[in-house]
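A.B. asks: Before anything else, here's the structure in question.
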Amino acid sequence: MPREFASPELGNLIAARLAPEEIDRRLRAPLNEAEMNDVADLVRWFCRRYPTVKDRLDYARRKMQQYQSEARASSTGLPLSAEAYEESARRLAKAHRVTDPGIVHVLLDRDPNREEIRLVEVTRSAPTTMDPLPIRFFARPDLGFSFASAVLLLSPDEWAAVETGQLELPGGWSKSRFELL
Amino acid sequence: MFALCVARSTTSSSQCGNTSETFTGKCSPKPTLVLARAIAAEEEGAAGRRGTLCFVEAEVFDEGDFFAALASGGARVLLIGRRAMIALGLPVLTADYDLWVHIDDIERLNQAVVPLDLVPNFPPNIARQRGRYVLENGEHVDVLVARSRSSPDGVRLSFEDAWARRQELSRSAGTTLSVPALDDLILTKRWAMRDKDIADIHLIEGLKRLRGE
């Protein structure tokens with residue numbers, strides 16, 4: 001994320017010059033073998049997916065425009081597009097699946113106002129308390145994520161209880177809106 | 001991936017690091033690697049649904065026309081900065097274009113981009129004195145004007161040498177981009193010496209090694 005779309009504090013950090021001794025320290029620490037392999041993998045992936053110079057430049061431009069569009073909409077308070085909402089929900093769900101292999105289902109409780117992404121995650125990692133509470137997070141347009149989000153973690157047993165009507169969802173959440181992601 | 005890191009940051013400082021280091025550089029010496037890896041993972045997953053990703057606004061600026069104008073304008077001009085890194089195959093992002101033009105070719109460059117309505121913020125004589133200027137009209141093109149430039153630690157790179165060693169990349173039929181050799185691109189990254197420049201240098205070094213240079 002370029003400094004133009006970061007908060008002023010982060011922007012200053014990004015743009016700040018490093019002290020000469022810090023530069024020396026960083027440059028004297030070359031990439032190790034694993035990091036070198038990471039770079040190689042990235043370059044191979046990028047060049048395979050975007051094989052020509054034009055493809056790569058077009059990709060970078062498209063991606064930047066996506067960030068700009070989201071940041072602008074967020075800063076003006078205008079509702080973000082349905083596509084952006086959908087895409088962000090799927091990104092979030094995918095990212096959570098990567099870090100929690102215990103996830104069985106991720107469901108989206110679609111916010112009609114497209115202000116908050118509400119995910120229900122049924123995961124074997126969650127304890128069964130029969131008193132689930134959503135965890136809420138702020139939007140971070142400076143990091144390319146323009147929606148506030150809330151995650152409700154349910155164990156499989158809790159999910160079964162929700163399905164049979166034995167467990168009430170927290171206020172504001174509606175089973176009738178759930179969509180499997 | 002960004003959202004994941006943000007969301008988990010309130011409960012897990014180790015995962016938070018992957019996001020914050022991208023911006024502060026305090027947690028890892030290679031922040032760009034983290035960001036680039038996140039973009040790669042995200043893009044890989046999005047391969048089957050590109051159509052839903054695009055809500056790009058229409059705009060006047062056409063990058064193809066811009067590079068074609070540079071290629072045909074007769075000015076000795078190098079594409080530097082992250083845009084050059086992208087063209088070379090490194091997955092980073094940037095909002096700007098950075099050019100290094102020969103000090104005698106400012107007028108040619110300015111003339112070449114007139115059809116794109118890109119306007120210099122200083123006339124050539126002032127730009128020569130200042131050592132840089134901007135072409136702008138919605139887009140932001142930073143133009144460096146210098147016979148040579150040195151990094152804070154005293155390593156000097158002249159335009160003439162960088163131009164002689166340049167790589168030419170074919171963008172499309174008839175349009176060639178001139179970018180510095182990888183070692184010279186690293187030197188240009190040493191001019192500003194911000195946190196992100198160090199990370200970029202590591203990426204370029206990785207590319208060098210991949211190419212066997």
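By convention here, the chains of the structure tokens are called A, B, ... in the order presented, each chain's residues are numbered starting at 1, and ligands are numbered starting at 1 in the order presented.
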Write out as a PyMOL selection string all residues of segment 88-120 of chain A that backbone DSSP assigns to strand (DSSP E).
C.D. replies: chain A and resi 103-110+116-120
A.B. asks: Please determine, counting only C-alpha atoms, which residue among B:Gly89, B:Gly154, B:Pro180, B:Gly74 has the shortest atom-to-atom distance to chain A.
C.D. replies: B:Gly89
A.B. asks: Skipping near chain neighbours, those fewer than 5 positions away, what residues fall within 7 Å of segment 97-104 of chain B using only C-alpha atoms, listed as a ChimeraX atom specification?
C.D. replies: /B:76-81,83,128,140-147,159
A.B. asks: Output C-alpha atoms for every residue in that selection, as a compact mmCIF listing (two decimals), in the first residue's frame.
C.D. replies:
```txt
# COMPACT_ATOMS: atom_id res chain seq x y z
CA ARG B 76 16.61 9.56 -23.55
CA VAL B 77 14.45 8.55 -20.63
CA LEU B 78 14.65 5.67 -18.19
CA LEU B 79 11.71 4.23 -16.31
CA ILE B 80 12.90 3.83 -12.73
CA GLY B 81 11.25 3.13 -9.38
CA ARG B 83 7.04 0.76 -12.06
CA ARG B 128 17.31 21.76 -14.65
CA HIS B 140 1.63 11.95 -11.36
CA VAL B 141 4.92 11.46 -13.20
CA ASP B 142 8.03 12.34 -11.20
CA VAL B 143 10.86 13.27 -13.50
CA LEU B 144 14.43 13.30 -12.27
CA VAL B 145 16.78 15.60 -14.15
CA ALA B 146 20.41 15.05 -13.22
CA ARG B 147 23.64 14.25 -14.99
CA PHE B 159 22.77 9.06 -16.45
```
A.B. asks: Would you pick out the contacts of Asp131 of chain A at 12 Å or less, using only C-alpha atoms, so that residues sharing its chain but fewer than 4 positions from it are not included, and give the list as a CSV table (one decimal) with C-alpha atoms, in the first residue's frame?
C.D. replies:
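So the final result, stored in result.csv, reads:
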```
chain,number,residue,atom,x,y,z
A,126,ALA,CA,-14.0,-22.9,19.0
A,127,PRO,CA,-15.1,-24.1,22.4
A,152,LEU,CA,-19.0,-15.0,15.2
A,153,LEU,CA,-17.2,-18.1,16.0
A,154,LEU,CA,-19.3,-21.2,16.6
A,155,SER,CA,-18.4,-24.7,17.4
A,157,ASP,CA,-22.3,-28.3,18.3
A,158,GLU,CA,-23.3,-24.7,18.6
A,159,TRP,CA,-24.0,-24.5,14.9
A,161,ALA,CA,-28.1,-25.9,18.0
A,162,VAL,CA,-28.5,-22.8,15.9
A,166,GLN,CA,-32.0,-24.3,20.3
A,167,LEU,CA,-29.4,-21.5,20.3
A,168,GLU,CA,-30.3,-17.9,19.7
A,169,LEU,CA,-28.0,-15.8,17.6
A,170,PRO,CA,-26.8,-12.4,19.0
```
A.B. asks: Fewer than 4 positions away in the same chain doesn't count, so skip those; otherwise give me all residues within 7 Å of segment 42-53 of chain A, counting only C-alpha atoms, as a PyMOL selection string.
C.D. replies: (chain A and resi 38+57) or (chain B and resi 37+87+89-91+170-171)
A.B. asks: I need the residues from that last selection saved to file as a short mmCIF file (atom, residue, chain, number, x, y, z; two decimals), in the first residue's frame (with C-alpha atoms), if you can.
C.D. replies:
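File written: out14.cif
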```
data_model
loop_
_atom_site.label_atom_id
_atom_site.label_comp_id
_atom_site.auth_asym_id
_atom_site.auth_seq_id
_atom_site.Cartn_x
_atom_site.Cartn_y
_atom_site.Cartn_z
CA ASP A 38 10.49 -16.74 -1.71
CA LEU A 57 1.94 -3.14 -15.78
CA ARG B 37 3.38 -12.69 -0.78
CA ALA B 87 7.84 -4.44 -15.62
CA GLY B 89 8.63 -9.13 -12.93
CA LEU B 90 8.51 -8.08 -9.29
CA PRO B 91 5.01 -7.96 -7.75
CA SER B 170 9.07 -4.74 -25.17
CA ARG B 171 5.70 -3.65 -23.82
#
```
A.B. asks: When you count only C-alpha atoms, which of these residues is closest to Lys94 of chain A: A:Leu181, A:Val39, A:Met130, A:Met64?
C.D. replies: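 Residue with the minimum atom-to-atom distance to Lys94 of chain A: A:Leu181.
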A.B. asks: So that I can check the surroundings of segment 106-112 of chain A, please list as a ChimeraX atom specification every protein, DNA and RNA residue that reaches within 9 Å of it, counting only C-alpha atoms and ignoring chain neighbours fewer than 4 positions away.
C.D. replies: /A:89-90,93-94,97,116-123,173-181
A.B. asks: Give me, as a ChimeraX atom specification, all polymer residues having an atom no more than 7 Å from Ala75 of chain B, counting only C-alpha atoms and skipping those fewer than 2 positions away in the same chain.
C.D. replies: /B:73,77,105,108-109
A.B. asks: Could you please determine the separation between atom CA of Leu135 of chain B and atom CA of Val119 of chain B in Å, to one decimal place?
C.D. replies: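 Going from atom CA of Leu135 of chain B over to atom CA of Val119 of chain B covers 5.1 Å.
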A.B. asks: Would you please work out which residue, of A:Asp41, A:Asp100, A:Glu83, A:Glu163, is nearest to chain B when using only C-alpha atoms?
C.D. replies: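 Using only C-alpha atoms, chain B sits closest to A:Glu83.
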A.B. asks: Go through A:Leu92, A:Ala29, A:Leu133, A:Ile103 and flag the residue nearest Ser149 of chain A, using only C-alpha atoms for the distances.
C.D. replies: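 Answer, going by the shortest atom-to-atom distance: A:Leu92.
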A.B. asks: Apply DSSP to the structure's backbone, then extract all residues of chain A labelled helix (DSSP H, G or I) and return them as a PyMOL selection string.
C.D. replies: chain A and resi 3-5+8-15+20-28+33-49+53-76+82-99+141-143+156-163+175-177
A.B. asks: Using only C-alpha atoms, can you tell me which of B:Glu213, B:Glu160, B:Glu139, B:Glu205 comes closest to chain A?
C.D. replies: B:Glu205
